[in-house]
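Here is model34.cif, consisting of mmCIF, C-alpha atoms; chains and numbers go by the auth columns:
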data_input
#
loop_
_atom_site.group_PDB
_atom_site.id
_atom_site.type_symbol
_atom_site.label_atom_id
_atom_site.label_comp_id
_atom_site.label_asym_id
_atom_site.label_seq_id
_atom_site.Cartn_x
_atom_site.Cartn_y
_atom_site.Cartn_z
_atom_site.B_iso_or_equiv
_atom_site.auth_seq_id
_atom_site.auth_asym_id
ATOM 1 C CA MET A 1 0.000 0.000 0.000 0.00 28 S
ATOM 2 C CA GLU A 2 2.941 2.307 -0.653 0.00 29 S
ATOM 3 C CA ALA A 3 0.892 4.415 -3.043 0.00 30 S
ATOM 4 C CA PHE A 4 -1.775 4.900 -0.383 0.00 31 S
ATOM 5 C CA ARG A 5 0.824 6.070 2.163 0.00 32 S
ATOM 6 C CA GLU A 6 2.115 8.544 -0.413 0.00 33 S
ATOM 7 C CA HIS A 7 -1.462 9.746 -0.889 0.00 34 S
ATOM 8 C CA LEU A 8 -1.853 10.281 2.866 0.00 35 S
ATOM 9 C CA ASN A 9 1.439 12.185 3.019 0.00 36 S
ATOM 10 C CA ALA A 10 0.345 14.454 0.170 0.00 37 S
ATOM 11 C CA VAL A 11 -2.948 15.183 1.921 0.00 38 S
ATOM 12 C CA ALA A 12 -1.141 15.956 5.187 0.00 39 S
ATOM 13 C CA GLU A 13 1.227 18.317 3.398 0.00 40 S
ATOM 14 C CA ARG A 14 -1.780 20.244 2.077 0.00 41 S
ATOM 15 C CA GLY A 15 -3.194 20.502 5.598 0.00 42 S
ATOM 16 C CA GLU A 16 -6.341 18.578 4.662 0.00 43 S
ATOM 17 C CA PHE A 17 -8.275 15.992 6.667 0.00 44 S
ATOM 18 C CA ILE A 18 -9.630 12.693 5.349 0.00 45 S
ATOM 19 C CA ASN A 19 -11.414 9.611 6.620 0.00 46 S
ATOM 20 C CA THR A 20 -8.498 7.177 6.431 0.00 47 S
ATOM 21 C CA LEU A 21 -10.635 4.016 6.604 0.00 48 S
ATOM 22 C CA PHE A 22 -12.859 5.280 3.767 0.00 49 S
ATOM 23 C CA GLU A 23 -9.905 6.389 1.669 0.00 50 S
ATOM 24 C CA GLU A 24 -7.932 3.184 2.192 0.00 51 S
ATOM 25 C CA ARG A 25 -10.868 1.047 1.092 0.00 52 S
ATOM 26 C CA LEU A 26 -11.531 3.302 -1.904 0.00 53 S
ATOM 27 C CA TYR A 27 -7.863 3.164 -2.837 0.00 54 S
ATOM 28 C CA GLY A 28 -7.996 -0.624 -2.821 0.00 55 S
ATOM 29 C CA LEU A 29 -11.144 -0.693 -4.974 0.00 56 S
ATOM 30 C CA ALA A 30 -9.667 1.829 -7.395 0.00 57 S
ATOM 31 C CA ASP A 31 -6.543 -0.299 -7.782 0.00 58 S
ATOM 32 C CA ILE A 32 -8.654 -3.329 -8.724 0.00 59 S
ATOM 33 C CA VAL A 33 -10.753 -1.255 -11.143 0.00 60 S
ATOM 34 C CA HIS A 34 -7.742 0.141 -12.973 0.00 61 S
ATOM 35 C CA ARG A 35 -6.000 -3.251 -13.130 0.00 62 S
ATOM 36 C CA ILE A 36 -8.849 -4.661 -15.204 0.00 63 S
ATOM 37 C CA THR A 37 -10.314 -1.654 -17.030 0.00 64 S
ATOM 38 C CA GLU A 38 -7.065 -0.248 -18.387 0.00 65 S
ATOM 39 C CA PRO A 39 -6.156 -3.405 -20.343 0.00 66 S
ATOM 40 C CA LEU A 40 -9.772 -3.725 -21.518 0.00 67 S
ATOM 41 C CA SER A 41 -9.595 -0.153 -22.821 0.00 68 S
ATOM 42 C CA GLN A 42 -6.246 -0.788 -24.502 0.00 69 S
ATOM 43 C CA GLU A 43 -7.725 -3.763 -26.367 0.00 70 S
ATOM 44 C CA GLY A 44 -10.949 -1.970 -27.293 0.00 71 S
ATOM 45 C CA VAL A 45 -13.380 -4.079 -25.257 0.00 72 S
ATOM 46 C CA PRO A 46 -16.546 -2.088 -24.423 0.00 73 S
ATOM 47 C CA HIS A 47 -17.227 -1.964 -20.698 0.00 74 S
ATOM 48 C CA GLU A 48 -18.476 0.320 -17.972 0.00 75 S
ATOM 49 C CA LEU A 49 -18.331 0.492 -14.194 0.00 76 S
ATOM 50 C CA VAL A 50 -21.783 -0.049 -12.669 0.00 77 S
ATOM 51 C CA GLY A 51 -23.179 -0.763 -9.194 0.00 78 S
ATOM 52 C CA GLY A 52 -22.223 0.905 -5.939 0.00 79 S
ATOM 53 C CA LEU A 53 -18.860 2.200 -7.124 0.00 80 S
ATOM 54 C CA ALA A 54 -20.522 3.955 -10.061 0.00 81 S
ATOM 55 C CA VAL A 55 -22.960 5.498 -7.578 0.00 82 S
ATOM 56 C CA LEU A 56 -20.006 6.691 -5.505 0.00 83 S
ATOM 57 C CA VAL A 57 -18.303 8.285 -8.515 0.00 84 S
ATOM 58 C CA HIS A 58 -21.403 10.243 -9.566 0.00 85 S
ATOM 59 C CA VAL A 59 -22.479 11.227 -6.035 0.00 86 S
ATOM 60 C CA GLU A 60 -18.958 12.296 -5.064 0.00 87 S
ATOM 61 C CA ALA A 61 -18.921 14.682 -8.030 0.00 88 S
ATOM 62 C CA ALA A 62 -22.369 16.105 -7.213 0.00 89 S
ATOM 63 C CA ASP A 63 -22.433 16.223 -3.397 0.00 90 S
ATOM 64 C CA PRO A 64 -19.635 14.476 -1.457 0.00 91 S
ATOM 65 C CA SER A 65 -21.634 14.691 1.790 0.00 92 S
ATOM 66 C CA GLN A 66 -23.973 12.005 0.392 0.00 93 S
ATOM 67 C CA THR A 67 -21.200 9.569 -0.518 0.00 94 S
ATOM 68 C CA THR A 68 -21.298 6.046 0.887 0.00 95 S
ATOM 69 C CA LEU A 69 -18.625 3.407 0.365 0.00 96 S
ATOM 70 C CA THR A 70 -19.284 0.102 -1.345 0.00 97 S
ATOM 71 C CA ARG A 71 -17.610 -3.266 -0.919 0.00 98 S
ATOM 72 C CA ASP A 72 -18.014 -4.351 -4.530 0.00 99 S
ATOM 73 C CA VAL A 73 -16.680 -3.710 -7.998 0.00 100 S
ATOM 74 C CA ASP A 74 -19.294 -4.384 -10.692 0.00 101 S
ATOM 75 C CA LEU A 75 -18.369 -4.229 -14.349 0.00 102 S
ATOM 76 C CA MET A 76 -20.799 -4.472 -17.260 0.00 103 S
ATOM 77 C CA ILE A 77 -19.654 -6.073 -20.504 0.00 104 S
ATOM 78 C CA ARG A 78 -21.301 -7.664 -23.518 0.00 105 S
ATOM 79 C CA ARG A 79 -21.920 -11.413 -23.313 0.00 106 S
ATOM 80 C CA SER A 80 -20.210 -11.808 -26.685 0.00 107 S
ATOM 81 C CA ASP A 81 -16.994 -10.341 -25.223 0.00 108 S
ATOM 82 C CA LEU A 82 -16.781 -12.708 -22.230 0.00 109 S
ATOM 83 C CA SER A 83 -14.059 -14.921 -23.743 0.00 110 S
ATOM 84 C CA ARG A 84 -11.902 -11.902 -24.585 0.00 111 S
ATOM 85 C CA VAL A 85 -12.459 -10.439 -21.111 0.00 112 S
ATOM 86 C CA LYS A 86 -11.426 -13.730 -19.470 0.00 113 S
ATOM 87 C CA ASP A 87 -8.256 -13.856 -21.576 0.00 114 S
ATOM 88 C CA ILE A 88 -7.315 -10.226 -20.880 0.00 115 S
ATOM 89 C CA ALA A 89 -8.089 -10.676 -17.177 0.00 116 S
ATOM 90 C CA ALA A 90 -5.881 -13.764 -16.943 0.00 117 S
ATOM 91 C CA ARG A 91 -2.981 -11.837 -18.447 0.00 118 S
ATOM 92 C CA SER A 92 -3.625 -9.094 -15.875 0.00 119 S
ATOM 93 C CA GLY A 93 -3.455 -11.378 -12.836 0.00 120 S
ATOM 94 C CA PHE A 94 -7.143 -12.226 -12.394 0.00 121 S
ATOM 95 C CA HIS A 95 -8.748 -15.649 -12.053 0.00 122 S
ATOM 96 C CA PHE A 96 -12.167 -16.272 -13.595 0.00 123 S
ATOM 97 C CA ARG A 97 -14.724 -17.933 -11.331 0.00 124 S
ATOM 98 C CA HIS A 98 -18.375 -18.859 -11.835 0.00 125 S
ATOM 99 C CA ALA A 99 -20.245 -19.513 -8.595 0.00 126 S
ATOM 100 C CA ALA A 100 -23.883 -19.267 -7.484 0.00 127 S
ATOM 101 C CA GLY A 101 -24.842 -18.065 -10.955 0.00 128 S
ATOM 102 C CA LEU A 102 -22.337 -15.194 -10.883 0.00 129 S
ATOM 103 C CA ASP A 103 -19.290 -14.574 -13.070 0.00 130 S
ATOM 104 C CA MET A 104 -16.361 -13.030 -11.220 0.00 131 S
ATOM 105 C CA LEU A 105 -12.778 -12.014 -11.824 0.00 132 S
ATOM 106 C CA ILE A 106 -10.725 -12.637 -8.671 0.00 133 S
ATOM 107 C CA ALA A 107 -7.640 -10.531 -7.998 0.00 134 S
ATOM 108 C CA GLY A 108 -5.542 -12.944 -5.959 0.00 135 S
ATOM 109 C CA SER A 109 -6.339 -16.461 -4.782 0.00 136 S
ATOM 110 C CA PRO A 110 -9.092 -18.096 -6.865 0.00 137 S
ATOM 111 C CA GLU A 111 -10.470 -19.702 -3.703 0.00 138 S
ATOM 112 C CA THR A 112 -11.708 -16.427 -2.263 0.00 139 S
ATOM 113 C CA ALA A 113 -14.265 -13.920 -3.504 0.00 140 S
ATOM 114 C CA ARG A 114 -12.437 -11.026 -1.862 0.00 141 S
ATOM 115 C CA ASN A 115 -11.164 -8.396 -4.278 0.00 142 S
ATOM 116 C CA ALA A 116 -13.597 -9.663 -6.905 0.00 143 S
ATOM 117 C CA VAL A 117 -14.880 -7.897 -9.971 0.00 144 S
ATOM 118 C CA HIS A 118 -18.477 -9.022 -10.536 0.00 145 S
ATOM 119 C CA LEU A 119 -19.385 -9.225 -14.206 0.00 146 S
ATOM 120 C CA VAL A 120 -22.872 -8.304 -15.393 0.00 147 S
ATOM 121 C CA PHE A 121 -24.034 -8.369 -18.976 0.00 148 S
ATOM 122 C CA SER A 122 -25.600 -5.593 -20.995 0.00 149 S
ATOM 123 C CA GLU A 123 -29.161 -6.079 -22.228 0.00 150 S
ATOM 124 C CA GLU A 124 -29.673 -9.083 -19.918 0.00 151 S
ATOM 125 C CA LYS A 125 -31.246 -9.551 -16.503 0.00 152 S
ATOM 126 C CA VAL A 126 -29.048 -10.471 -13.545 0.00 153 S
ATOM 127 C CA ARG A 127 -32.045 -12.093 -11.804 0.00 154 S
ATOM 128 C CA GLU A 128 -35.408 -13.235 -13.145 0.00 155 S
ATOM 129 C CA ASP A 129 -37.246 -10.822 -10.834 0.00 156 S
ATOM 130 C CA GLN A 130 -35.358 -7.825 -12.203 0.00 157 S
ATOM 131 C CA ALA A 131 -37.955 -5.438 -13.653 0.00 158 S
ATOM 132 C CA THR A 132 -36.107 -4.632 -16.875 0.00 159 S
ATOM 133 C CA PRO A 133 -32.924 -5.879 -18.598 0.00 160 S
ATOM 134 C CA ASN A 134 -29.665 -4.032 -18.116 0.00 161 S
ATOM 135 C CA PRO A 135 -29.133 -1.152 -20.551 0.00 162 S
ATOM 136 C CA PRO A 136 -26.724 -1.237 -23.487 0.00 163 S
ATOM 137 C CA ILE A 137 -23.186 -0.065 -22.831 0.00 164 S
ATOM 138 C CA ARG A 138 -22.868 3.697 -23.363 0.00 165 S
ATOM 139 C CA PRO A 139 -20.385 4.905 -20.733 0.00 166 S
ATOM 140 C CA GLU A 140 -19.259 8.312 -19.608 0.00 167 S
ATOM 141 C CA GLU A 141 -15.596 9.056 -19.011 0.00 168 S
ATOM 142 C CA ARG A 142 -14.793 9.845 -15.385 0.00 169 S
ATOM 143 C CA ALA A 143 -11.708 9.676 -13.161 0.00 170 S
ATOM 144 C CA ILE A 144 -10.959 7.733 -9.989 0.00 171 S
ATOM 145 C CA HIS A 145 -7.866 9.016 -8.203 0.00 172 S
ATOM 146 C CA GLY A 146 -6.826 10.876 -11.327 0.00 173 S
ATOM 147 C CA ARG A 147 -7.020 7.913 -13.726 0.00 174 S
ATOM 148 C CA LYS A 148 -9.612 7.510 -16.462 0.00 175 S
ATOM 149 C CA VAL A 149 -12.411 4.999 -16.094 0.00 176 S
ATOM 150 C CA PHE A 150 -15.607 4.404 -18.066 0.00 177 S
ATOM 151 C CA VAL A 151 -18.704 4.672 -15.861 0.00 178 S
ATOM 152 C CA ILE A 152 -22.385 4.074 -16.582 0.00 179 S
ATOM 153 C CA GLY A 153 -24.366 7.300 -17.004 0.00 180 S
ATOM 154 C CA VAL A 154 -26.683 8.482 -14.229 0.00 181 S
ATOM 155 C CA GLU A 155 -29.919 7.829 -16.147 0.00 182 S
ATOM 156 C CA ASP A 156 -28.995 4.209 -16.916 0.00 183 S
ATOM 157 C CA LEU A 157 -27.681 3.734 -13.361 0.00 184 S
ATOM 158 C CA VAL A 158 -30.950 4.937 -11.835 0.00 185 S
ATOM 159 C CA ARG A 159 -32.860 2.520 -14.072 0.00 186 S
ATOM 160 C CA MET A 160 -30.628 -0.384 -13.073 0.00 187 S
ATOM 161 C CA LYS A 161 -30.971 0.366 -9.354 0.00 188 S
ATOM 162 C CA LEU A 162 -34.746 0.740 -9.489 0.00 189 S
ATOM 163 C CA SER A 163 -35.035 -2.367 -11.625 0.00 190 S
ATOM 164 C CA SER A 164 -32.988 -4.486 -9.212 0.00 191 S
ATOM 165 C CA TYR A 165 -34.544 -2.890 -6.114 0.00 192 S
ATOM 166 C CA ARG A 166 -32.692 -4.751 -3.355 0.00 193 S
ATOM 167 C CA ASP A 167 -32.082 -3.039 -0.020 0.00 194 S
ATOM 168 C CA LYS A 168 -28.697 -1.727 -1.133 0.00 195 S
ATOM 169 C CA ASP A 169 -30.174 -0.514 -4.427 0.00 196 S
ATOM 170 C CA ARG A 170 -32.725 1.577 -2.541 0.00 197 S
ATOM 171 C CA VAL A 171 -29.913 3.022 -0.401 0.00 198 S
ATOM 172 C CA HIS A 172 -28.048 3.957 -3.578 0.00 199 S
ATOM 173 C CA VAL A 173 -31.162 5.543 -5.102 0.00 200 S
ATOM 174 C CA ARG A 174 -31.621 7.672 -1.971 0.00 201 S
ATOM 175 C CA ALA A 175 -27.992 8.817 -2.148 0.00 202 S
ATOM 176 C CA MET A 176 -28.331 9.808 -5.807 0.00 203 S
ATOM 177 C CA ASP A 177 -31.632 11.563 -5.126 0.00 204 S
ATOM 178 C CA ALA A 178 -30.202 13.458 -2.144 0.00 205 S
ATOM 179 C CA ALA A 179 -27.282 14.565 -4.310 0.00 206 S
ATOM 180 C CA GLY A 180 -29.727 16.015 -6.878 0.00 207 S
ATOM 181 C CA LEU A 181 -28.826 13.497 -9.580 0.00 208 S
ATOM 182 C CA ILE A 182 -32.353 12.214 -10.213 0.00 209 S
ATOM 183 C CA THR A 183 -33.645 15.172 -12.178 0.00 210 S
ATOM 184 C CA PRO A 184 -37.269 15.676 -13.300 0.00 211 S
ATOM 185 C CA GLN A 185 -36.147 14.767 -16.815 0.00 212 S
ATOM 186 C CA ILE A 186 -34.726 11.428 -15.637 0.00 213 S
ATOM 187 C CA GLU A 187 -37.832 10.771 -13.562 0.00 214 S
ATOM 188 C CA ARG A 188 -40.142 11.451 -16.532 0.00 215 S
ATOM 189 C CA GLY A 189 -38.153 8.982 -18.617 0.00 216 S
ATOM 190 C CA LEU A 190 -38.856 6.076 -16.239 0.00 217 S
ATOM 191 C CA ASP A 191 -41.624 3.640 -17.040 0.00 218 S
ATOM 192 C CA GLY A 192 -44.626 3.359 -14.706 0.00 219 S
ATOM 193 C CA GLU A 193 -43.229 0.582 -12.495 0.00 220 S
ATOM 194 C CA LEU A 194 -39.886 2.309 -11.991 0.00 221 S
ATOM 195 C CA GLN A 195 -41.600 5.643 -11.258 0.00 222 S
ATOM 196 C CA SER A 196 -43.695 3.853 -8.637 0.00 223 S
ATOM 197 C CA ARG A 197 -40.564 2.386 -7.076 0.00 224 S
ATOM 198 C CA LEU A 198 -38.901 5.790 -6.990 0.00 225 S
ATOM 199 C CA ARG A 199 -41.915 7.267 -5.198 0.00 226 S
ATOM 200 C CA HIS A 200 -41.796 4.408 -2.693 0.00 227 S
ATOM 201 C CA VAL A 201 -38.096 5.037 -2.026 0.00 228 S
ATOM 202 C CA ARG A 202 -38.837 8.707 -1.395 0.00 229 S
ATOM 203 C CA ASP A 203 -41.874 7.955 0.795 0.00 230 S
ATOM 204 C CA THR A 204 -39.904 5.545 3.001 0.00 231 S
ATOM 205 C CA GLU A 205 -36.813 7.691 3.657 0.00 232 S
#
Starting from the file, lay out its structure as structure tokens.
Amino acid sequence: MEAFREHLNAVAERGEFINTLFEERLYGLADIVHRITEPLSQEGVPHELVGGLAVLVHVEAADPSQTTLTRDVDLMIRRSDLSRVKDIAARSGFHFRHAAGLDMLIAGSPETARNAVHLVFSEEKVREDQATPNPPIRPEERAIHGRKVFVIGVEDLVRMKLSSYRDKDRVHVRAMDAAGLITPQIERGLDGELQSRLRHVRDTE
């Protein structure tokens, strides 16, 4: 974690304060993200960061006071690119694992799901009870710790979270809403079921 210690020293030199536990965990997640996304970008494989880390990136830019940390890295790819992704990941130090219906890239020992990148597929459902399929890949360029990463856009992210609608998805929707990211235009673009879910999230805050 030498790079993280250097980061802390730079912050201290600027006289700033940070939550070290939050920053250390984010630093670790960012390292995993860059280790897989940079070679994917170099080889032209479409992908985008989704899930809780994508929520963090967008909320941090809009209103850092609403930011919550996630434990997971979720990456959306096309099903047709899975073989290429597995090959690129293997050359980048990841092990592919399929367990409990989930495809994962493990950074480290293949026997553990720690430091895993969870793969989800565009235009498919992760679970049968998901309201709508995942959107097509159409990422926005953002930065995590100064390095480029492709992240799902807010509108598609809101749709994915409302469609999945687990406890953590509702938490993420509340964070995005509190940060002002769910605009009237985005809300109007939701279908009836997703609008109903958004109202329920707001009514149960």
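Computed from the coordinates, the CA of Asp156 (chain S) to CA of Asp183 (chain S) distance equals 18.2 Å.
Non-sequential neighbours of region 218-222 of chain S (distance at most 8 Å, separation of 4 or more positions within a chain, all atoms listed in the file) are Arg186, Leu189, Ser190, Glu214 and Arg226 of chain S.
Between CA of Val178 (chain S) and CA of Leu80 (chain S) lies a distance of 9.1 Å.
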request  = Quick one: everything within 12 Å of Gln93 (chain S), counting all atoms listed in the file, minus sequence neighbours fewer than 2 positions away in the same chain. Send it as a PyMOL selection string.
outcome  = chain S and resi 82-91+95-96+198-208
task = Take the point (-10.4, -6.6, -17.1) as written in the file and pick out every residue within 10 Å of it, counting all atoms listed in the file; give the list as a PyMOL selection string.
result = chain S and resi 59-68+72+74+102+104+111-121+132+144+146
message = With the PyMOL selection byres ((chain S and resi 77) around 7) as the selection, what would be picked from this file? Answer as a ChimeraX atom specification, please.
response = /S:75-76,78-81,101-103,178-179
Those selected residues, please, written with C-alpha atoms and delivered as a compact mmCIF listing (two decimals), in the coordinates of the input.
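So the final result, stored in again-v7.txt, reads:
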# COMPACT_ATOMS: atom_id res chain seq x y z
CA GLU S 75 -18.48 0.32 -17.97
CA LEU S 76 -18.33 0.49 -14.19
CA GLY S 78 -23.18 -0.76 -9.19
CA GLY S 79 -22.22 0.90 -5.94
CA LEU S 80 -18.86 2.20 -7.12
CA ALA S 81 -20.52 3.96 -10.06
CA ASP S 101 -19.29 -4.38 -10.69
CA LEU S 102 -18.37 -4.23 -14.35
CA MET S 103 -20.80 -4.47 -17.26
CA VAL S 178 -18.70 4.67 -15.86
CA ILE S 179 -22.38 4.07 -16.58
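CA of Ile171 (chain S) lies 23.0 Å from CA of Arg105 (chain S).
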Selection in question (the file shown): the PyMOL selection byres ((chain S and resi 157) around 12). Which residues does it include, as a JSON list (two decimals) with C-alpha atoms, in the coordinates of the input?
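Below is the file that was written, part-v2.json:
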[["chain", "number", "residue", "atom", "x", "y", "z"],
["S", 150, "GLU", "CA", -29.16, -6.08, -22.23],
["S", 151, "GLU", "CA", -29.67, -9.08, -19.92],
["S", 152, "LYS", "CA", -31.25, -9.55, -16.50],
["S", 153, "VAL", "CA", -29.05, -10.47, -13.54],
["S", 154, "ARG", "CA", -32.04, -12.09, -11.80],
["S", 155, "GLU", "CA", -35.41, -13.24, -13.14],
["S", 156, "ASP", "CA", -37.25, -10.82, -10.83],
["S", 158, "ALA", "CA", -37.96, -5.44, -13.65],
["S", 159, "THR", "CA", -36.11, -4.63, -16.88],
["S", 160, "PRO", "CA", -32.92, -5.88, -18.60],
["S", 161, "ASN", "CA", -29.66, -4.03, -18.12],
["S", 186, "ARG", "CA", -32.86, 2.52, -14.07],
["S", 187, "MET", "CA", -30.63, -0.38, -13.07],
["S", 188, "LYS", "CA", -30.97, 0.37, -9.35],
["S", 189, "LEU", "CA", -34.75, 0.74, -9.49],
["S", 190, "SER", "CA", -35.03, -2.37, -11.62],
["S", 191, "SER", "CA", -32.99, -4.49, -9.21],
["S", 192, "TYR", "CA", -34.54, -2.89, -6.11],
["S", 193, "ARG", "CA", -32.69, -4.75, -3.36],
["S", 196, "ASP", "CA", -30.17, -0.51, -4.43],
["S", 220, "GLU", "CA", -43.23, 0.58, -12.50],
["S", 221, "LEU", "CA", -39.89, 2.31, -11.99]]
inquiry  = Let me make sure I understand: among S:Gly71, S:Gly216, S:Gly173, S:Gly55, which one has the smallest atom-to-atom distance to Asp99 (chain S) if we use all atoms listed in the file?
reply    = S:Gly55
